[in-house]
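K.L.:
One structure, pasted below without further comment.
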Amino acid sequence: MTQQAEISQTLNELVDAGGSKFAERPFVSFAFNSPITYRSFRNRVLEIASLLREAGLKKGDRIVILAENSPQWGMVYMGAVRLGVVVVPILPDFPESDVLHILSECKARILFITEKQIEKISEIGKHSIEKIITLDDFKGSGETAEVQPFSEFIAGFAGELPEFEPIDKDDLASIIYTSGTSGHSKAVMLSHGNLTSNVNSASGLVNITPDWTFVSVLPISHTYEFTVGFLLALRQGARIVYCDQRPTPTILGKICAVEKPTVMCVVPMIMEKIYKKRVLPKISNSTVLKVLLAVPFLRPRILGKIRAKLVEFFGGELQLMAIGGAALNLEVEKFFHESGFPYIIGYGLTETAPILAGGPAGDPTIAVGSCGKAVPGVQLKIVNPKPESGIGEVHAFGPNVMKGYQNNPEATAETIDAEGWLSTGDLGYIDERNNLFITGRSKSVIVLSHGENIYPETIEDKINSSIYVAESLVTEANDKLLASVFPDYEYLDLETAGKTEAEKHSYLLDILKDIKRTVNLQLPAYSQLHKVVERQEPFIKTATHKIKRYLYQEST
């Protein structure tokens, strides 16, 4: 594995090491564009730091980045932390109300934004923002704050770099406002050391070399993409390619065909959709394939051909698909494992910068359905495990554990104990080979009158295996289990073309009945579904596409 001479303890050291060791290597660009080199990236970071200092920013001040992925996004982030300025990244899909709440609370002085996000700051005059800089050079106007295109901002660099104040690994680098499944947004404080320790841990999971290419499809404002898709590439001297438009399958296919990614970071929903759209229909609709797959000595060959087609879709050079942010459907993972598709599962939290467990890639002891093993430097333990199952709450300890929640000492004390162990809020167990299995959230466990613990995520995983299901949610109603299913209407429309609305409705009802029967056959009596109903619109989800359960506890 490519290693730097010294382990970086701050983000500034990470940038400096990359700019020195990989100086002329390509670092970052939009798809189909010429990349910026590592040396040029570092130089631009220093220029931005100088300009921010000229604007009056100092250690401890805040800036906000509300923008889609771009080379400029990373430059601004690294330029700010060079000064000890704290970066508040906001996910591009946050609604206006959340954006305004964050702007009001974080007291940032400068906002970096794009044209797509401008409408969300219509009330910006009520907040502390003094200057707005558009990363995509959009020329807008603000009521009380100056609006400046990024190219004009950077053109103001005078040509001389000042001496920057030293930054320590314990200094705050970022405040990230979560949008979790429990409904309580918290401001997570991550230090330089939290982030660099985690990227150092991540480097031990897979052999990434400077000739690797990352194609980035997840928002860099989320810690998963920031740490694994940005900082890890920076540490190892790899190249990053961004999409400048929504990565639909068609657009992604065109980008991959040219840029030929070696690695991609994705959430399970992306891979589950590809499996259901590109793999499952071919098998389900072909009697010949079904027969061949049932023959033991032919099955590996057939699955290998399907895997090759998938790899070809991603440009033909793919060596790793890093999947995290939520649970991957077990049926999908079984296919990836059996076919030899190159993937790795990871698990973590924003509060841990974020990786706690994953892989390592190529380890034959990694169990299908698990999140892999604790990453180097991190310890995991199960608290109060049930004697019969070993399931308890997952707790974590390591240098990547956050400094706490901003202005919320009560929540911090509830989450991190006196010894530094962080309560994840997730339930799971660790097997004899140290693989971590997550069974659900502690707050989502359902206990009916019989007293048995029911993990709805396990049931939903079985429901979501159906080609007809886009997503589902299992809740309790009158001491019984109810499954709400949002169907894959696109697939249903193909199957019911030419039918009347009444016939289509009847067809769907039959499918829901079959799902209930099939799923219940796989469940113990106490956790079987009483009813499966149609939901006609998608569930509201977090940035990593986990359903916000708290919104549906009473209404489902």
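In the structure tokens, chains take the letters A, B, ... in the order shown, each chain's residues start at 1, and ligands count up from 1 in the order shown.
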Would you list the contacts of Ala23 (chain A) as a list in words, taking every protein, DNA or RNA residue within 9 Å and counting only C-alpha atoms, but skipping same-chain residues closer than 6 positions in sequence?
P.N.:
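Here the answer would be Thr37, Tyr38, Arg39, Ser40 and Arg42 of chain A.
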K.L.:
If you run DSSP on the backbone here, which positions in region 164-320 of chain A get strand (DSSP E or B)? Please write them as a PDB file with N, CA, C and O atoms, in the first residue's frame.
P.N.:
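Done, and the output landed in part_18.pdb:
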```pdb
ATOM      1  N   LEU A 172     -10.841  22.283  16.546  1.00  0.00           N
ATOM      2  CA  LEU A 172     -12.084  21.972  15.843  1.00  0.00           C
ATOM      3  C   LEU A 172     -11.929  22.254  14.354  1.00  0.00           C
ATOM      4  O   LEU A 172     -11.429  23.304  13.952  1.00  0.00           O
ATOM      5  N   ALA A 173     -12.364  21.287  13.523  1.00  0.00           N
ATOM      6  CA  ALA A 173     -12.295  21.448  12.065  1.00  0.00           C
ATOM      7  C   ALA A 173     -13.668  21.674  11.455  1.00  0.00           C
ATOM      8  O   ALA A 173     -13.817  22.455  10.513  1.00  0.00           O
ATOM      9  N   SER A 174     -14.676  20.989  11.994  1.00  0.00           N
ATOM     10  CA  SER A 174     -15.978  21.007  11.333  1.00  0.00           C
ATOM     11  C   SER A 174     -17.110  20.830  12.339  1.00  0.00           C
ATOM     12  O   SER A 174     -16.946  20.158  13.364  1.00  0.00           O
ATOM     13  N   ILE A 175     -18.229  21.437  12.037  1.00  0.00           N
ATOM     14  CA  ILE A 175     -19.473  21.198  12.768  1.00  0.00           C
ATOM     15  C   ILE A 175     -20.481  20.703  11.745  1.00  0.00           C
ATOM     16  O   ILE A 175     -20.749  21.383  10.744  1.00  0.00           O
ATOM     17  N   ILE A 176     -21.012  19.511  11.986  1.00  0.00           N
ATOM     18  CA  ILE A 176     -21.922  18.890  11.021  1.00  0.00           C
ATOM     19  C   ILE A 176     -23.278  18.675  11.671  1.00  0.00           C
ATOM     20  O   ILE A 176     -23.383  17.997  12.703  1.00  0.00           O
ATOM     21  N   TYR A 177     -24.295  19.241  11.063  1.00  0.00           N
ATOM     22  CA  TYR A 177     -25.654  19.091  11.568  1.00  0.00           C
ATOM     23  C   TYR A 177     -26.260  17.828  10.969  1.00  0.00           C
ATOM     24  O   TYR A 177     -26.408  17.709   9.757  1.00  0.00           O
ATOM     25  N   ALA A 187     -25.601  19.129  16.411  1.00  0.00           N
ATOM     26  CA  ALA A 187     -24.422  19.705  15.783  1.00  0.00           C
ATOM     27  C   ALA A 187     -23.184  18.961  16.265  1.00  0.00           C
ATOM     28  O   ALA A 187     -22.716  19.169  17.390  1.00  0.00           O
ATOM     29  N   VAL A 188     -22.659  18.089  15.414  1.00  0.00           N
ATOM     30  CA  VAL A 188     -21.520  17.234  15.759  1.00  0.00           C
ATOM     31  C   VAL A 188     -20.222  18.008  15.559  1.00  0.00           C
ATOM     32  O   VAL A 188     -19.976  18.549  14.480  1.00  0.00           O
ATOM     33  N   MET A 189     -19.393  18.049  16.599  1.00  0.00           N
ATOM     34  CA  MET A 189     -18.112  18.753  16.518  1.00  0.00           C
ATOM     35  C   MET A 189     -16.987  17.748  16.266  1.00  0.00           C
ATOM     36  O   MET A 189     -16.730  16.864  17.090  1.00  0.00           O
ATOM     37  N   LEU A 190     -16.333  17.884  15.098  1.00  0.00           N
ATOM     38  CA  LEU A 190     -15.233  16.995  14.729  1.00  0.00           C
ATOM     39  C   LEU A 190     -13.925  17.784  14.654  1.00  0.00           C
ATOM     40  O   LEU A 190     -13.867  18.844  14.023  1.00  0.00           O
ATOM     41  N   SER A 191     -12.899  17.261  15.284  1.00  0.00           N
ATOM     42  CA  SER A 191     -11.587  17.912  15.281  1.00  0.00           C
ATOM     43  C   SER A 191     -10.758  17.444  14.087  1.00  0.00           C
ATOM     44  O   SER A 191     -11.116  16.487  13.389  1.00  0.00           O
ATOM     45  N   THR A 213      -8.661   5.736  -9.468  1.00  0.00           N
ATOM     46  CA  THR A 213      -9.570   6.851  -9.734  1.00  0.00           C
ATOM     47  C   THR A 213     -10.860   6.670  -8.938  1.00  0.00           C
ATOM     48  O   THR A 213     -11.501   5.618  -9.016  1.00  0.00           O
ATOM     49  N   PHE A 214     -11.232   7.703  -8.172  1.00  0.00           N
ATOM     50  CA  PHE A 214     -12.511   7.748  -7.460  1.00  0.00           C
ATOM     51  C   PHE A 214     -13.505   8.515  -8.318  1.00  0.00           C
ATOM     52  O   PHE A 214     -13.218   9.655  -8.721  1.00  0.00           O
ATOM     53  N   VAL A 215     -14.659   7.943  -8.607  1.00  0.00           N
ATOM     54  CA  VAL A 215     -15.759   8.714  -9.189  1.00  0.00           C
ATOM     55  C   VAL A 215     -16.750   8.979  -8.058  1.00  0.00           C
ATOM     56  O   VAL A 215     -17.274   8.048  -7.457  1.00  0.00           O
ATOM     57  N   SER A 216     -16.975  10.247  -7.774  1.00  0.00           N
ATOM     58  CA  SER A 216     -17.756  10.647  -6.607  1.00  0.00           C
ATOM     59  C   SER A 216     -19.200  10.930  -6.986  1.00  0.00           C
ATOM     60  O   SER A 216     -19.468  11.789  -7.822  1.00  0.00           O
ATOM     61  N   ARG A 239      -6.857   9.927  -7.803  1.00  0.00           N
ATOM     62  CA  ARG A 239      -7.551  10.978  -8.559  1.00  0.00           C
ATOM     63  C   ARG A 239      -9.043  10.924  -8.228  1.00  0.00           C
ATOM     64  O   ARG A 239      -9.616   9.851  -8.048  1.00  0.00           O
ATOM     65  N   ILE A 240      -9.687  12.107  -8.153  1.00  0.00           N
ATOM     66  CA  ILE A 240     -11.121  12.203  -7.882  1.00  0.00           C
ATOM     67  C   ILE A 240     -11.820  12.856  -9.059  1.00  0.00           C
ATOM     68  O   ILE A 240     -11.359  13.876  -9.589  1.00  0.00           O
ATOM     69  N   VAL A 241     -12.952  12.278  -9.460  1.00  0.00           N
ATOM     70  CA  VAL A 241     -13.768  12.827 -10.545  1.00  0.00           C
ATOM     71  C   VAL A 241     -15.170  13.106 -10.005  1.00  0.00           C
ATOM     72  O   VAL A 241     -15.795  12.229  -9.408  1.00  0.00           O
ATOM     73  N   TYR A 242     -15.662  14.338 -10.225  1.00  0.00           N
ATOM     74  CA  TYR A 242     -17.002  14.719  -9.789  1.00  0.00           C
ATOM     75  C   TYR A 242     -17.963  14.803 -10.971  1.00  0.00           C
ATOM     76  O   TYR A 242     -17.557  15.139 -12.090  1.00  0.00           O
ATOM     77  N   VAL A 263     -12.603   2.883  -7.952  1.00  0.00           N
ATOM     78  CA  VAL A 263     -13.358   2.776  -6.703  1.00  0.00           C
ATOM     79  C   VAL A 263     -14.467   3.814  -6.695  1.00  0.00           C
ATOM     80  O   VAL A 263     -14.320   4.902  -7.251  1.00  0.00           O
ATOM     81  N   MET A 264     -15.592   3.443  -6.074  1.00  0.00           N
ATOM     82  CA  MET A 264     -16.699   4.368  -5.871  1.00  0.00           C
ATOM     83  C   MET A 264     -17.254   4.156  -4.472  1.00  0.00           C
ATOM     84  O   MET A 264     -17.288   3.022  -3.972  1.00  0.00           O
ATOM     85  N   CYS A 265     -17.703   5.238  -3.841  1.00  0.00           N
ATOM     86  CA  CYS A 265     -18.404   5.164  -2.567  1.00  0.00           C
ATOM     87  C   CYS A 265     -19.891   5.357  -2.850  1.00  0.00           C
ATOM     88  O   CYS A 265     -20.278   6.351  -3.468  1.00  0.00           O
ATOM     89  N   VAL A 266     -20.709   4.414  -2.407  1.00  0.00           N
ATOM     90  CA  VAL A 266     -22.144   4.496  -2.677  1.00  0.00           C
ATOM     91  C   VAL A 266     -22.925   4.116  -1.426  1.00  0.00           C
ATOM     92  O   VAL A 266     -22.394   3.491  -0.508  1.00  0.00           O
ATOM     93  N   LEU A 320     -13.184  -1.796  -6.530  1.00  0.00           N
ATOM     94  CA  LEU A 320     -13.848  -1.765  -5.230  1.00  0.00           C
ATOM     95  C   LEU A 320     -15.074  -0.857  -5.260  1.00  0.00           C
ATOM     96  O   LEU A 320     -15.006   0.277  -5.719  1.00  0.00           O
TER      97      LEU A 320
END
```
K.L.:
Which residue out of A:Ser50, A:Ser197, A:Leu205, A:Tyr224 has the minimum interatomic distance to Ala155 (chain A) when only C-alpha atoms are used?
P.N.:
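Among the listed residues, the smallest separation from Ala155 (chain A) belongs to A:Ser50.
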K.L.:
Could you check the closest approach to Phe32 (chain A) for each of A:His127, A:Lys254, A:Lys186, A:Arg301 and tell me which residue wins, using only C-alpha atoms?
P.N.:
A:Lys254
K.L.:
For Asp137 (chain A), work out the shell of residues within 7 Å, counting only C-alpha atoms and skipping chain neighbours fewer than 4 positions away, then give it as a list in words.
P.N.:
Pro149, Phe150 and Ser151 of chain A
K.L.:
Can you write out as CSV which residues of region 346-405 of chain A fall within 10 Å of region 428-437 of chain A, alongside each residue's closest atom pair and its distance in Å to one decimal, counting only C-alpha atoms and ordering rows by chain and ascending residue number?
P.N.:
```
residue,atom,partner,partner_atom,distance
A:Tyr347,CA,A:Leu436,CA,9.0
A:Leu356,CA,A:Leu436,CA,9.8
A:Ala357,CA,A:Leu436,CA,7.4
A:Gly358,CA,A:Leu436,CA,8.8
A:Gly359,CA,A:Asn435,CA,9.0
A:Thr365,CA,A:Arg433,CA,6.8
A:Ile366,CA,A:Asn435,CA,6.4
A:Ala367,CA,A:Asn435,CA,6.6
A:Val368,CA,A:Asn435,CA,9.5
A:Gly369,CA,A:Phe437,CA,6.9
A:Ser370,CA,A:Phe437,CA,4.5
A:Cys371,CA,A:Leu436,CA,5.4
A:Gly372,CA,A:Asn435,CA,4.9
A:Lys373,CA,A:Asn435,CA,4.8
A:Ala374,CA,A:Leu436,CA,7.6
A:Leu380,CA,A:Leu436,CA,8.6
A:Lys381,CA,A:Ile430,CA,8.0
A:Ile382,CA,A:Tyr429,CA,6.4
A:Val383,CA,A:Tyr429,CA,9.5
A:Pro385,CA,A:Tyr429,CA,7.8
A:Lys386,CA,A:Tyr429,CA,9.6
A:Ser389,CA,A:Tyr429,CA,8.0
A:Gly390,CA,A:Tyr429,CA,5.7
A:Ile391,CA,A:Tyr429,CA,4.9
A:Gly392,CA,A:Gly428,CA,5.7
A:Glu393,CA,A:Gly428,CA,6.2
A:Val394,CA,A:Gly428,CA,6.2
A:His395,CA,A:Gly428,CA,9.9
```
K.L.:
Grab the residues selected above and save them as a JSON list (two decimals), in the first residue's frame with N, CA, C and O atoms.
P.N.:
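Final output, saved to result.json:
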```
[["chain", "number", "residue", "atom", "x", "y", "z"],
["A", 347, "TYR", "N", -19.42, 0.57, 8.20],
["A", 347, "TYR", "CA", -20.41, 1.03, 9.18],
["A", 347, "TYR", "C", -19.81, 2.16, 10.00],
["A", 347, "TYR", "O", -18.62, 2.11, 10.36],
["A", 356, "LEU", "N", -16.42, 3.08, 11.73],
["A", 356, "LEU", "CA", -16.15, 2.24, 12.90],
["A", 356, "LEU", "C", -15.75, 0.83, 12.49],
["A", 356, "LEU", "O", -14.89, 0.21, 13.12],
["A", 357, "ALA", "N", -16.38, 0.31, 11.45],
["A", 357, "ALA", "CA", -16.09, -1.06, 11.02],
["A", 357, "ALA", "C", -16.17, -1.14, 9.51],
["A", 357, "ALA", "O", -16.86, -0.35, 8.86],
["A", 358, "GLY", "N", -15.45, -2.12, 8.96],
["A", 358, "GLY", "CA", -15.50, -2.33, 7.52],
["A", 358, "GLY", "C", -14.42, -3.30, 7.08],
["A", 358, "GLY", "O", -13.30, -3.24, 7.59],
["A", 359, "GLY", "N", -14.77, -4.19, 6.18],
["A", 359, "GLY", "CA", -13.78, -5.09, 5.61],
["A", 359, "GLY", "C", -12.92, -5.77, 6.66],
["A", 359, "GLY", "O", -13.44, -6.24, 7.67],
["A", 365, "THR", "N", -12.46, -14.11, 6.20],
["A", 365, "THR", "CA", -13.27, -14.35, 7.40],
["A", 365, "THR", "C", -14.40, -13.34, 7.56],
["A", 365, "THR", "O", -15.18, -13.43, 8.51],
["A", 366, "ILE", "N", -14.52, -12.38, 6.63],
["A", 366, "ILE", "CA", -15.63, -11.43, 6.70],
["A", 366, "ILE", "C", -16.92, -12.17, 6.38],
["A", 366, "ILE", "O", -17.04, -12.82, 5.34],
["A", 367, "ALA", "N", -17.90, -12.05, 7.25],
["A", 367, "ALA", "CA", -19.16, -12.77, 7.07],
["A", 367, "ALA", "C", -20.15, -11.94, 6.26],
["A", 367, "ALA", "O", -20.28, -10.74, 6.47],
["A", 368, "VAL", "N", -20.85, -12.60, 5.33],
["A", 368, "VAL", "CA", -21.91, -11.94, 4.57],
["A", 368, "VAL", "C", -23.00, -11.51, 5.55],
["A", 368, "VAL", "O", -23.40, -12.25, 6.44],
["A", 369, "GLY", "N", -23.48, -10.29, 5.39],
["A", 369, "GLY", "CA", -24.49, -9.75, 6.29],
["A", 369, "GLY", "C", -23.90, -8.93, 7.42],
["A", 369, "GLY", "O", -24.63, -8.25, 8.14],
["A", 370, "SER", "N", -22.57, -8.98, 7.56],
["A", 370, "SER", "CA", -21.92, -8.21, 8.62],
["A", 370, "SER", "C", -21.38, -6.89, 8.08],
["A", 370, "SER", "O", -21.40, -6.65, 6.87],
["A", 371, "CYS", "N", -20.88, -6.05, 8.99],
["A", 371, "CYS", "CA", -20.22, -4.80, 8.60],
["A", 371, "CYS", "C", -18.72, -4.95, 8.60],
["A", 371, "CYS", "O", -17.99, -3.95, 8.57],
["A", 372, "GLY", "N", -18.24, -6.18, 8.68],
["A", 372, "GLY", "CA", -16.81, -6.40, 8.77],
["A", 372, "GLY", "C", -16.32, -6.21, 10.19],
["A", 372, "GLY", "O", -17.07, -6.33, 11.15],
["A", 373, "LYS", "N", -15.04, -5.88, 10.32],
["A", 373, "LYS", "CA", -14.40, -5.80, 11.63],
["A", 373, "LYS", "C", -14.10, -4.35, 12.01],
["A", 373, "LYS", "O", -14.08, -3.47, 11.15],
["A", 374, "ALA", "N", -13.86, -4.12, 13.29],
["A", 374, "ALA", "CA", -13.47, -2.79, 13.74],
["A", 374, "ALA", "C", -12.24, -2.33, 12.97],
["A", 374, "ALA", "O", -11.30, -3.11, 12.77],
["A", 380, "LEU", "N", -14.62, -1.82, 19.58],
["A", 380, "LEU", "CA", -16.07, -1.98, 19.64],
["A", 380, "LEU", "C", -16.43, -2.97, 20.74],
["A", 380, "LEU", "O", -15.69, -3.93, 20.99],
["A", 381, "LYS", "N", -17.56, -2.74, 21.39],
["A", 381, "LYS", "CA", -18.06, -3.71, 22.37],
["A", 381, "LYS", "C", -19.57, -3.69, 22.37],
["A", 381, "LYS", "O", -20.21, -2.71, 21.93],
["A", 382, "ILE", "N", -20.16, -4.79, 22.84],
["A", 382, "ILE", "CA", -21.61, -4.91, 22.93],
["A", 382, "ILE", "C", -22.01, -4.77, 24.39],
["A", 382, "ILE", "O", -21.52, -5.52, 25.24],
["A", 383, "VAL", "N", -22.87, -3.83, 24.68],
["A", 383, "VAL", "CA", -23.29, -3.54, 26.05],
["A", 383, "VAL", "C", -24.65, -4.18, 26.33],
["A", 383, "VAL", "O", -25.57, -4.09, 25.50],
["A", 385, "PRO", "N", -25.72, -7.40, 26.39],
["A", 385, "PRO", "CA", -26.21, -8.35, 25.38],
["A", 385, "PRO", "C", -27.26, -9.30, 25.94],
["A", 385, "PRO", "O", -27.22, -9.69, 27.11],
["A", 386, "LYS", "N", -28.23, -9.66, 25.10],
["A", 386, "LYS", "CA", -29.23, -10.66, 25.48],
["A", 386, "LYS", "C", -28.56, -12.03, 25.54],
["A", 386, "LYS", "O", -27.82, -12.40, 24.61],
["A", 389, "SER", "N", -29.18, -14.30, 22.32],
["A", 389, "SER", "CA", -28.79, -13.86, 20.99],
["A", 389, "SER", "C", -27.46, -13.12, 20.95],
["A", 389, "SER", "O", -26.85, -13.01, 19.88],
["A", 390, "GLY", "N", -27.02, -12.61, 22.08],
["A", 390, "GLY", "CA", -25.81, -11.79, 22.11],
["A", 390, "GLY", "C", -26.02, -10.38, 21.60],
["A", 390, "GLY", "O", -25.08, -9.59, 21.52],
["A", 391, "ILE", "N", -27.28, -10.03, 21.29],
["A", 391, "ILE", "CA", -27.59, -8.70, 20.77],
["A", 391, "ILE", "C", -27.66, -7.69, 21.90],
["A", 391, "ILE", "O", -28.34, -7.90, 22.91],
["A", 392, "GLY", "N", -26.94, -6.60, 21.73],
["A", 392, "GLY", "CA", -26.97, -5.49, 22.68],
["A", 392, "GLY", "C", -26.63, -4.21, 21.95],
["A", 392, "GLY", "O", -26.52, -4.19, 20.72],
["A", 393, "GLU", "N", -26.41, -3.14, 22.69],
["A", 393, "GLU", "CA", -26.08, -1.87, 22.05],
["A", 393, "GLU", "C", -24.59, -1.81, 21.72],
["A", 393, "GLU", "O", -23.75, -2.20, 22.52],
["A", 394, "VAL", "N", -24.30, -1.31, 20.53],
["A", 394, "VAL", "CA", -22.92, -1.19, 20.07],
["A", 394, "VAL", "C", -22.30, 0.09, 20.63],
["A", 394, "VAL", "O", -22.86, 1.18, 20.46],
["A", 395, "HIS", "N", -21.16, -0.05, 21.31],
["A", 395, "HIS", "CA", -20.41, 1.10, 21.80],
["A", 395, "HIS", "C", -19.03, 1.11, 21.14],
["A", 395, "HIS", "O", -18.48, 0.06, 20.82]]
```
K.L.:
With only C-alpha atoms as the atoms that count, which of A:Ile270, A:Ser527, A:Pro456, A:Ile7 lies nearest to Thr248 (chain A)?
P.N.:
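Checking each candidate against Thr248 (chain A), we get A:Ile270 as the closest.
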K.L.:
Among region 175-265 of chain A, which ones does DSSP place in helix (DSSP H, G or I), written as number ranges by chain?
P.N.:
A: 192-202, 223-236, 249-259
K.L.:
Can you write just those residues out, C-alpha atoms, as an mmCIF file, in the first residue's frame?
P.N.:
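The resulting file, selection_31.cif, is shown below:
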```cif
data_model
loop_
_atom_site.group_PDB
_atom_site.id
_atom_site.type_symbol
_atom_site.label_atom_id
_atom_site.label_comp_id
_atom_site.auth_asym_id
_atom_site.auth_seq_id
_atom_site.Cartn_x
_atom_site.Cartn_y
_atom_site.Cartn_z
ATOM 1 C CA HIS A 192 -8.681 17.676 12.867
ATOM 2 C CA GLY A 193 -7.540 14.581 14.756
ATOM 3 C CA ASN A 194 -10.965 12.934 14.563
ATOM 4 C CA LEU A 195 -10.900 13.143 10.765
ATOM 5 C CA THR A 196 -7.217 12.352 10.153
ATOM 6 C CA SER A 197 -7.238 9.379 12.526
ATOM 7 C CA ASN A 198 -10.223 7.971 10.713
ATOM 8 C CA VAL A 199 -8.733 8.393 7.251
ATOM 9 C CA ASN A 200 -5.563 6.722 8.533
ATOM 10 C CA SER A 201 -7.739 3.839 9.766
ATOM 11 C CA ALA A 202 -9.560 3.667 6.420
ATOM 12 C CA THR A 223 -18.767 12.578 6.406
ATOM 13 C CA TYR A 224 -18.807 9.229 4.571
ATOM 14 C CA GLU A 225 -17.941 10.756 1.197
ATOM 15 C CA PHE A 226 -15.693 13.407 2.762
ATOM 16 C CA THR A 227 -13.528 10.925 4.672
ATOM 17 C CA VAL A 228 -13.508 7.959 2.285
ATOM 18 C CA GLY A 229 -14.099 9.653 -1.064
ATOM 19 C CA PHE A 230 -12.011 12.792 -0.510
ATOM 20 C CA LEU A 231 -9.534 12.569 2.371
ATOM 21 C CA LEU A 232 -8.584 8.950 1.658
ATOM 22 C CA ALA A 233 -7.931 9.740 -2.007
ATOM 23 C CA LEU A 234 -5.855 12.747 -0.926
ATOM 24 C CA ARG A 235 -3.844 10.641 1.514
ATOM 25 C CA GLN A 236 -3.072 7.949 -1.042
ATOM 26 C CA PRO A 249 -27.833 5.618 -14.586
ATOM 27 C CA THR A 250 -27.456 7.007 -18.120
ATOM 28 C CA ILE A 251 -25.159 9.856 -17.087
ATOM 29 C CA LEU A 252 -23.209 7.649 -14.697
ATOM 30 C CA GLY A 253 -22.696 5.093 -17.445
ATOM 31 C CA LYS A 254 -21.266 7.756 -19.780
ATOM 32 C CA ILE A 255 -18.950 9.099 -17.068
ATOM 33 C CA CYS A 256 -17.695 5.649 -16.084
ATOM 34 C CA ALA A 257 -17.071 4.710 -19.714
ATOM 35 C CA VAL A 258 -14.610 7.616 -20.032
ATOM 36 C CA GLU A 259 -13.219 8.102 -16.514
#
```
K.L.:
Counting only C-alpha atoms, figure out which residue out of A:Ser472, A:Thr424, A:Thr178, A:Thr458 gets nearest to Glu537 (chain A).
P.N.:
A:Ser472
K.L.:
In terms of the shortest atom-to-atom distance over only C-alpha atoms, which of A:Pro210, A:Pro95, A:Gly440, A:Gly315 is closest to Ile540 (chain A)?
P.N.:
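The closest residue to Ile540 (chain A) is A:Pro95.
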K.L.:
With a cut-off of 8 Å, could you pull out the residues of region 407-469 of chain A touching region 474-496 of chain A and give me the nearest pair of atoms for each, distance in Å to one decimal, using only C-alpha atoms, ordered by chain and ascending number, as a Markdown table?
P.N.:
```
| residue | atom | partner | partner_atom | distance |
| --- | --- | --- | --- | --- |
| A:Ile446 | CA | A:Glu476 | CA | 7.0 |
| A:Leu448 | CA | A:Asp479 | CA | 5.5 |
| A:Ser449 | CA | A:Asp479 | CA | 6.6 |
| A:Pro456 | CA | A:Val474 | CA | 5.5 |
| A:Glu457 | CA | A:Val474 | CA | 7.7 |
| A:Ile459 | CA | A:Val474 | CA | 7.3 |
| A:Glu460 | CA | A:Val474 | CA | 6.5 |
| A:Ile467 | CA | A:Asp488 | CA | 7.7 |
| A:Tyr468 | CA | A:Asp488 | CA | 5.3 |
| A:Val469 | CA | A:Pro487 | CA | 4.5 |
```
K.L.:
Please produce a file of the residues just selected, as a PDB file, in the first residue's frame, where the atoms kept are N, CA and C atoms.
P.N.:
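Dumped everything to result-v5.pdb:
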```pdb
ATOM      1  N   ILE A 446     -39.427  -2.980  18.329  1.00  0.00           N
ATOM      2  CA  ILE A 446     -40.862  -3.110  18.631  1.00  0.00           C
ATOM      3  C   ILE A 446     -41.050  -4.245  19.633  1.00  0.00           C
ATOM      4  N   LEU A 448     -44.163  -6.252  21.295  1.00  0.00           N
ATOM      5  CA  LEU A 448     -45.600  -6.475  21.369  1.00  0.00           C
ATOM      6  C   LEU A 448     -45.955  -7.109  22.721  1.00  0.00           C
ATOM      7  N   SER A 449     -47.221  -7.417  22.925  1.00  0.00           N
ATOM      8  CA  SER A 449     -47.681  -7.890  24.237  1.00  0.00           C
ATOM      9  C   SER A 449     -47.033  -9.195  24.672  1.00  0.00           C
ATOM     10  N   PRO A 456     -37.542  -4.315  13.323  1.00  0.00           N
ATOM     11  CA  PRO A 456     -38.256  -4.087  12.059  1.00  0.00           C
ATOM     12  C   PRO A 456     -37.344  -4.065  10.837  1.00  0.00           C
ATOM     13  N   GLU A 457     -36.096  -3.623  11.014  1.00  0.00           N
ATOM     14  CA  GLU A 457     -35.178  -3.559   9.873  1.00  0.00           C
ATOM     15  C   GLU A 457     -34.947  -4.943   9.261  1.00  0.00           C
ATOM     16  N   ILE A 459     -37.109  -7.421   9.138  1.00  0.00           N
ATOM     17  CA  ILE A 459     -38.296  -7.772   8.345  1.00  0.00           C
ATOM     18  C   ILE A 459     -38.326  -6.962   7.057  1.00  0.00           C
ATOM     19  N   GLU A 460     -37.994  -5.682   7.154  1.00  0.00           N
ATOM     20  CA  GLU A 460     -37.974  -4.825   5.964  1.00  0.00           C
ATOM     21  C   GLU A 460     -36.972  -5.321   4.941  1.00  0.00           C
ATOM     22  N   ILE A 467     -38.754  -7.793  -6.120  1.00  0.00           N
ATOM     23  CA  ILE A 467     -38.505  -6.925  -7.267  1.00  0.00           C
ATOM     24  C   ILE A 467     -39.581  -5.846  -7.403  1.00  0.00           C
ATOM     25  N   TYR A 468     -40.718  -6.058  -6.742  1.00  0.00           N
ATOM     26  CA  TYR A 468     -41.830  -5.119  -6.844  1.00  0.00           C
ATOM     27  C   TYR A 468     -41.777  -4.019  -5.786  1.00  0.00           C
ATOM     28  N   VAL A 469     -40.809  -4.089  -4.877  1.00  0.00           N
ATOM     29  CA  VAL A 469     -40.761  -3.161  -3.738  1.00  0.00           C
ATOM     30  C   VAL A 469     -39.619  -2.170  -3.901  1.00  0.00           C
TER      31      VAL A 469
END
```
